[in-house]
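A short write-up of the structure that comes next.
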Amino acid sequence: MQATTTAVGREREANETTTERADTCPECGAGLERDAARGEVSCRDCGLIVDEDVVDRGPEWRSFDDGEESRSRVGAPTTNLMHDKGLSSVIGWQDKDAYGQRLSGRKRRQLARLRKWDERFRARDDQERNLKQALGEIERMTSALGLPKNVGETAGVVYRRALSEDLLRGRSIESVATASVYAAARQAGVPRSLDEVATVSRVERLRVQRAYRQVSRELGLEVPPTDPREYVERYASDLELPSETARVARDLLDSAIEANVHSGKSPTTMAGAAVYAAARLTNRSVTQEDVSEVANVARVTIRSRYKELLEAQDPAA
């Protein structure tokens with residue numbers, strides 16, 4: 001019995017000695033500090049690296065605020081492009097089990113009934129069904145226009161605000177959804193004209209324009225004026241023009257803006273005319289018809305703005 005007690009005491013003393021050594025530098029005996037970012041354990045005094053590639057046993061999430069709700073380990077992030085922000089469960093469409101085996105007929109029928117009831121319960125009232133349809137339209141239009149994801153998220157927020165402010169009375173879901181996409185694109189500085197947005201919409205341009213005016217006015221959206229220089233790079237890329245031509249087009253627009261020639265004129269028209277003028281100045285074979293198709297502007301309008309741009313560039317001419 002006494003021998004056993006002595007052995008236990010020696011083992012405890014050895015463990016304490018090992019722990020003490022792990023907390024001190026083997027060279028100078030100073031304390032150690034752990035750098036979680038680099039995964040290193042080093043001495044505070046002499047800087048000796050005692051251990052490296054240390055495994056971080058902390059949680060895998062990071063939170064930059066004081067809210068505990070943002071500290072989630074699993075699941076996709078919330079999104080404004082879903083009516084429930086992506087917080088509900090989703091039943092997969094594949095009729096297979098966890099091992100990839102096809103389910104029996106009875107199980108498939110059961111899953112079909114579950115999917116049907118899940119769709120019904122995810123949109124419980126008219127407002128949620130309205131939101132679900134509108135956000136689907138917004139996602140479709142942003143994808144067709146090649147807009148980045150942040151534009152779709154902003155458009156979803158704008159539509160939610162319009163729905164909560166009861167701005168849809170007398171207007172269709174599609175018109176307000178299209179107006180939200182156009183407003184979000186302008187806020188993000190992504191050049192898309194009203195004609196381009198209306199092309200992928202299910203309603204005509206006039207209804208989209210009216211809905212946009214109401215939404216921007218009632219919600220107090222801070223939408224900056226469209227700068228024609230934002231369209232130059234895209235038009236030049238579509239026409240396969242070099243960067244030199246795009247630079248000359250921007251210089252022409254700079255002179256036009258300085259002379260206030262652009263005031264009251266369509267930014268897409270000014271951008272198209274600037275690209276055409278720059279192509280002529282840099283000896284690139286681009287016709288007015290080519291620019292007209294890319295900018296969706298009449299050729300006669302391009303000719304008129306083309307002359308105004310050259311006059312603004314050289315007033316003495």
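As shown in the structure tokens, the chain order sets the letters A, B, ...; within each chain, residues go from 1, and ligands are also counted from 1 in the order they appear.
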
**OP:** Write out as an MDAnalysis selection string which residues come within 12 Å of Arg217 in chain A when counting only C-alpha atoms, dropping same-chain ones fewer than 5 positions away.
**Re:** chainID A and resid 162 167 183 210:212 222:223

Export all heavy atoms of the chosen residues as a compact mmCIF listing (two decimals), in the first residue's frame?
```txt
# COMPACT_ATOMS: atom_id res chain seq x y z
N ALA A 162 -40.23 48.52 -50.09
CA ALA A 162 -41.41 48.95 -50.85
C ALA A 162 -42.65 48.17 -50.43
O ALA A 162 -43.75 48.74 -50.32
CB ALA A 162 -41.15 48.78 -52.34
N LEU A 167 -46.19 50.22 -51.13
CA LEU A 167 -46.03 50.94 -52.39
C LEU A 167 -46.46 50.12 -53.59
O LEU A 167 -46.38 50.60 -54.73
CB LEU A 167 -44.57 51.36 -52.57
CG LEU A 167 -43.97 52.28 -51.50
CD1 LEU A 167 -42.54 52.63 -51.84
CD2 LEU A 167 -44.82 53.54 -51.34
N ALA A 183 -32.74 50.40 -59.57
CA ALA A 183 -32.26 51.27 -58.49
C ALA A 183 -31.01 50.70 -57.84
O ALA A 183 -30.06 51.43 -57.55
CB ALA A 183 -33.37 51.47 -57.46
N ARG A 210 -42.30 54.36 -64.28
CA ARG A 210 -43.21 54.93 -63.29
C ARG A 210 -42.99 54.31 -61.92
O ARG A 210 -43.00 55.00 -60.89
CB ARG A 210 -44.65 54.73 -63.75
CG ARG A 210 -45.05 55.58 -64.95
CD ARG A 210 -46.43 55.22 -65.44
NE ARG A 210 -46.84 56.07 -66.56
CZ ARG A 210 -47.95 55.88 -67.27
NH1 ARG A 210 -48.77 54.86 -66.97
NH2 ARG A 210 -48.26 56.69 -68.27
N ALA A 211 -42.80 52.99 -61.89
CA ALA A 211 -42.56 52.32 -60.61
C ALA A 211 -41.25 52.78 -59.99
O ALA A 211 -41.18 52.98 -58.76
CB ALA A 211 -42.55 50.80 -60.82
N TYR A 212 -40.24 52.98 -60.80
CA TYR A 212 -38.95 53.44 -60.27
C TYR A 212 -39.07 54.84 -59.67
O TYR A 212 -38.50 55.12 -58.61
CB TYR A 212 -37.90 53.42 -61.37
CG TYR A 212 -36.63 54.14 -60.99
CD1 TYR A 212 -35.75 53.59 -60.06
CD2 TYR A 212 -36.31 55.39 -61.55
CE1 TYR A 212 -34.59 54.26 -59.70
CE2 TYR A 212 -35.15 56.05 -61.18
CZ TYR A 212 -34.31 55.48 -60.26
OH TYR A 212 -33.17 56.16 -59.89
N GLU A 222 -31.00 57.28 -52.26
CA GLU A 222 -29.92 58.17 -52.69
C GLU A 222 -29.26 57.55 -53.92
O GLU A 222 -28.29 56.81 -53.82
CB GLU A 222 -28.92 58.36 -51.56
CG GLU A 222 -29.50 59.07 -50.34
CD GLU A 222 -28.47 59.28 -49.26
OE1 GLU A 222 -27.30 58.88 -49.48
OE2 GLU A 222 -28.82 59.84 -48.21
N VAL A 223 -29.81 57.88 -55.08
CA VAL A 223 -29.30 57.34 -56.34
C VAL A 223 -28.55 58.45 -57.06
O VAL A 223 -29.13 59.46 -57.44
CB VAL A 223 -30.45 56.82 -57.22
CG1 VAL A 223 -29.90 56.24 -58.52
CG2 VAL A 223 -31.25 55.76 -56.46
```

Subject >> Spatial neighbours of Leu194 in chain A, 8 Å, only C-alpha atoms, chain gap at least 2 places, as a VMD selection string >> reply: chain A and resid 182 192 196 to 198 205 209

Original post:
Using only C-alpha atoms, which residue out of A:Val261, A:Ala144, A:Leu219, A:Cys43 lies closest to Glu311 in chain A?
Top reply: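 Smallest separation from Glu311 in chain A among the options: A:Val261.
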
**OP:** From a DSSP pass on the backbone, collect the residues of range 158-294 of chain A flagged as alpha helix (DSSP H) and hand them back as a ChimeraX atom specification.
**Re:** /A:158-164,173-187,194-199,205-219,232-238,243-258,267-281,288-294

Contacts of Ala312 in chain A within 12 Å, only C-alpha atoms, excl. fewer than 4 positions in-chain, as an mmCIF file with C-alpha atoms, in the first residue's frame:
```cif
data_model
loop_
_atom_site.group_PDB
_atom_site.id
_atom_site.type_symbol
_atom_site.label_atom_id
_atom_site.label_comp_id
_atom_site.auth_asym_id
_atom_site.auth_seq_id
_atom_site.Cartn_x
_atom_site.Cartn_y
_atom_site.Cartn_z
ATOM 1 C CA ASP A 251 -11.150 62.154 -72.412
ATOM 2 C CA LEU A 252 -13.880 63.285 -74.808
ATOM 3 C CA LEU A 253 -16.502 62.814 -72.124
ATOM 4 C CA ASP A 254 -14.355 64.685 -69.603
ATOM 5 C CA SER A 255 -14.290 67.684 -71.921
ATOM 6 C CA ALA A 256 -18.031 67.392 -72.565
ATOM 7 C CA ILE A 257 -18.819 67.277 -68.857
ATOM 8 C CA GLU A 258 -16.534 70.225 -68.190
ATOM 9 C CA ALA A 259 -18.342 72.203 -70.908
ATOM 10 C CA ASN A 260 -21.729 70.974 -69.591
ATOM 11 C CA VAL A 261 -22.576 69.496 -72.988
ATOM 12 C CA HIS A 262 -23.933 66.310 -71.387
ATOM 13 C CA ALA A 274 -17.816 59.115 -77.425
ATOM 14 C CA ARG A 305 -23.769 63.843 -80.202
ATOM 15 C CA TYR A 306 -20.594 62.981 -82.115
ATOM 16 C CA LYS A 307 -20.390 66.508 -83.511
ATOM 17 C CA GLU A 308 -21.085 68.044 -80.098
ATOM 18 C CA ALA A 316 -12.018 76.652 -82.004
ATOM 19 C CA ALA A 317 -12.822 74.045 -84.649
#
```

Original post:
So which one's closest to Thr178 in chain A, A:Gly146, A:Pro26, A:Pro267, A:Gly136? Using only C-alpha atoms, please.
Top reply: A:Gly136

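Taking CA of Ala277 in chain A as the reference point, CA of Gln187 in chain A is found at 28.7 Å.
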
Original post:
So what do you get for CA of Ser285 in chain A versus CA of Ile302 in chain A, distance-wise?
Top reply: 15.9 Å

**OP:** Using only C-alpha atoms, determine which residues lie at most 9 Å from range 112-114 of chain A, disregarding the query and same-chain residues fewer than 5 positions distant; provide the list as a list in words.
**Re:** Ile91, Trp93, Lys107 and Glu119 of chain A

Subject >> Residues within 10 Å of Leu48 in chain A, only C-alpha atoms, excluding chain neighbours under 2 positions, as a PyMOL selection string >> reply: chain A and resi 25-28+32+41-46+50-51

Export of prior selection with all heavy atoms as a compact mmCIF listing (two decimals), in the first residue's frame:
```
# COMPACT_ATOMS: atom_id res chain seq x y z
N CYS A 25 10.56 28.78 -20.95
CA CYS A 25 11.50 28.63 -22.06
C CYS A 25 12.63 27.67 -21.66
O CYS A 25 13.21 27.80 -20.57
CB CYS A 25 12.08 29.99 -22.44
SG CYS A 25 13.34 29.92 -23.73
N PRO A 26 12.95 26.69 -22.49
CA PRO A 26 14.03 25.76 -22.14
C PRO A 26 15.42 26.41 -22.17
O PRO A 26 16.37 25.84 -21.64
CB PRO A 26 13.91 24.67 -23.21
CG PRO A 26 13.23 25.34 -24.36
CD PRO A 26 12.30 26.34 -23.76
N GLU A 27 15.56 27.59 -22.75
CA GLU A 27 16.86 28.25 -22.84
C GLU A 27 17.09 29.21 -21.68
O GLU A 27 18.11 29.15 -21.00
CB GLU A 27 16.97 29.01 -24.18
CG GLU A 27 17.01 28.12 -25.40
CD GLU A 27 18.30 27.34 -25.48
OE1 GLU A 27 19.31 27.80 -24.92
OE2 GLU A 27 18.31 26.25 -26.10
N CYS A 28 16.12 30.15 -21.46
CA CYS A 28 16.33 31.17 -20.44
C CYS A 28 15.37 31.05 -19.26
O CYS A 28 15.52 31.75 -18.26
CB CYS A 28 16.19 32.57 -21.06
SG CYS A 28 14.55 32.92 -21.72
N LEU A 32 6.35 31.72 -21.62
CA LEU A 32 6.03 31.55 -23.04
C LEU A 32 4.72 32.24 -23.37
O LEU A 32 3.87 32.46 -22.51
CB LEU A 32 5.93 30.05 -23.37
CG LEU A 32 7.18 29.20 -23.11
CD1 LEU A 32 6.89 27.75 -23.47
CD2 LEU A 32 8.37 29.71 -23.90
N VAL A 41 4.41 28.98 -30.45
CA VAL A 41 4.64 29.22 -29.03
C VAL A 41 6.07 29.70 -28.91
O VAL A 41 7.01 28.98 -29.28
CB VAL A 41 4.42 27.96 -28.19
CG1 VAL A 41 4.72 28.23 -26.72
CG2 VAL A 41 2.99 27.47 -28.34
N SER A 42 6.28 30.92 -28.41
CA SER A 42 7.61 31.51 -28.37
C SER A 42 7.90 32.09 -26.99
O SER A 42 7.00 32.30 -26.19
CB SER A 42 7.73 32.61 -29.43
OG SER A 42 6.77 33.63 -29.19
N CYS A 43 9.17 32.35 -26.73
CA CYS A 43 9.60 32.92 -25.46
C CYS A 43 9.41 34.43 -25.48
O CYS A 43 9.67 35.10 -26.49
CB CYS A 43 11.07 32.58 -25.21
SG CYS A 43 11.73 33.32 -23.70
N ARG A 44 8.96 34.98 -24.35
CA ARG A 44 8.73 36.41 -24.28
C ARG A 44 10.02 37.21 -24.28
O ARG A 44 10.05 38.35 -24.74
CB ARG A 44 7.95 36.74 -23.00
CG ARG A 44 6.53 36.21 -22.96
CD ARG A 44 5.76 36.83 -21.80
NE ARG A 44 4.42 36.28 -21.70
CZ ARG A 44 4.07 35.31 -20.89
NH1 ARG A 44 5.00 34.77 -20.09
NH2 ARG A 44 2.84 34.87 -20.86
N ASP A 45 11.11 36.61 -23.76
CA ASP A 45 12.37 37.34 -23.61
C ASP A 45 13.32 37.12 -24.78
O ASP A 45 13.71 38.06 -25.48
CB ASP A 45 13.05 36.96 -22.30
CG ASP A 45 12.27 37.45 -21.08
OD1 ASP A 45 11.38 38.30 -21.27
OD2 ASP A 45 12.55 36.97 -19.97
N CYS A 46 13.71 35.88 -25.00
CA CYS A 46 14.71 35.61 -26.03
C CYS A 46 14.12 35.36 -27.41
O CYS A 46 14.84 35.33 -28.40
CB CYS A 46 15.58 34.42 -25.62
SG CYS A 46 14.71 32.84 -25.54
N VAL A 50 9.45 27.75 -29.44
CA VAL A 50 9.41 26.47 -28.75
C VAL A 50 8.57 25.45 -29.51
O VAL A 50 8.90 24.27 -29.59
CB VAL A 50 8.88 26.66 -27.31
CG1 VAL A 50 8.80 25.31 -26.58
CG2 VAL A 50 9.75 27.63 -26.55
N ASP A 51 7.48 25.91 -30.10
CA ASP A 51 6.60 25.00 -30.83
C ASP A 51 5.98 25.78 -31.99
O ASP A 51 5.74 26.98 -31.90
CB ASP A 51 5.50 24.46 -29.91
CG ASP A 51 4.80 23.25 -30.51
OD1 ASP A 51 5.23 22.81 -31.60
OD2 ASP A 51 3.83 22.77 -29.91
```

Subject >> Best match for closeness to Lys149 in chain A among A:Thr199, A:Asn80, A:Asp118, A:Glu289, counting only C-alpha atoms >> reply: A:Asn80

Original post:
Quick one: residues within 10 Å of Gln94 in chain A, only C-alpha atoms counted, chain neighbours fewer than 5 positions away excluded, as number ranges by chain?
Top reply: A: 100, 102-103, 108, 111

**OP:** Mind checking which residues fall within 12 Å of Ser237 in chain A, counting only C-alpha atoms, ignoring those fewer than 5 positions away in the same chain, and posting them as a PyMOL selection string?
**Re:** chain A and resi 231-232+242-246+275+291+294-295

Export N, CA, C and O atoms of the chosen residues as a tab-separated table (two decimals), in the first residue's frame?
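Writing the result to again-v1.tsv gives the following:
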```
chain	number	residue	atom	x	y	z
A	231	TYR	N	-20.20	53.68	-68.95
A	231	TYR	CA	-20.56	52.77	-70.03
A	231	TYR	C	-19.43	52.55	-71.03
A	231	TYR	O	-19.52	51.65	-71.88
A	232	VAL	N	-18.38	53.36	-70.96
A	232	VAL	CA	-17.36	53.33	-72.00
A	232	VAL	C	-16.65	51.98	-72.07
A	232	VAL	O	-16.49	51.39	-73.16
A	242	PRO	N	-9.45	48.54	-78.43
A	242	PRO	CA	-8.35	48.51	-77.46
A	242	PRO	C	-8.55	49.53	-76.35
A	242	PRO	O	-9.42	50.41	-76.41
A	243	SER	N	-7.69	49.43	-75.34
A	243	SER	CA	-7.78	50.34	-74.19
A	243	SER	C	-7.48	51.79	-74.58
A	243	SER	O	-7.97	52.72	-73.96
A	244	GLU	N	-6.67	51.97	-75.63
A	244	GLU	CA	-6.36	53.33	-76.09
A	244	GLU	C	-7.63	54.05	-76.55
A	244	GLU	O	-7.84	55.23	-76.25
A	245	THR	N	-8.50	53.33	-77.27
A	245	THR	CA	-9.75	53.93	-77.73
A	245	THR	C	-10.65	54.27	-76.55
A	245	THR	O	-11.29	55.34	-76.54
A	246	ALA	N	-10.71	53.40	-75.56
A	246	ALA	CA	-11.53	53.69	-74.38
A	246	ALA	C	-10.99	54.91	-73.64
A	246	ALA	O	-11.77	55.73	-73.13
A	275	VAL	N	-17.53	56.73	-77.83
A	275	VAL	CA	-16.81	55.55	-78.31
A	275	VAL	C	-16.66	55.61	-79.83
A	275	VAL	O	-15.59	55.28	-80.38
A	291	VAL	N	-22.09	50.79	-83.26
A	291	VAL	CA	-22.27	51.46	-81.97
A	291	VAL	C	-23.75	51.55	-81.61
A	291	VAL	O	-24.12	51.42	-80.44
A	294	VAL	N	-24.86	48.27	-80.05
A	294	VAL	CA	-24.31	48.03	-78.72
A	294	VAL	C	-24.95	48.94	-77.68
A	294	VAL	O	-25.33	48.51	-76.58
A	295	ALA	N	-25.09	50.23	-78.01
A	295	ALA	CA	-25.63	51.20	-77.06
A	295	ALA	C	-27.14	51.31	-77.10
A	295	ALA	O	-27.72	52.02	-76.27
```

**OP:** Find, counting only C-alpha atoms, the residue in A:Ala155, A:Leu309, A:Ala185, A:Val190 that gets nearest to Glu139 in chain A.
**Re:**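 Result for the nearest residue to Glu139 in chain A: A:Ala155.
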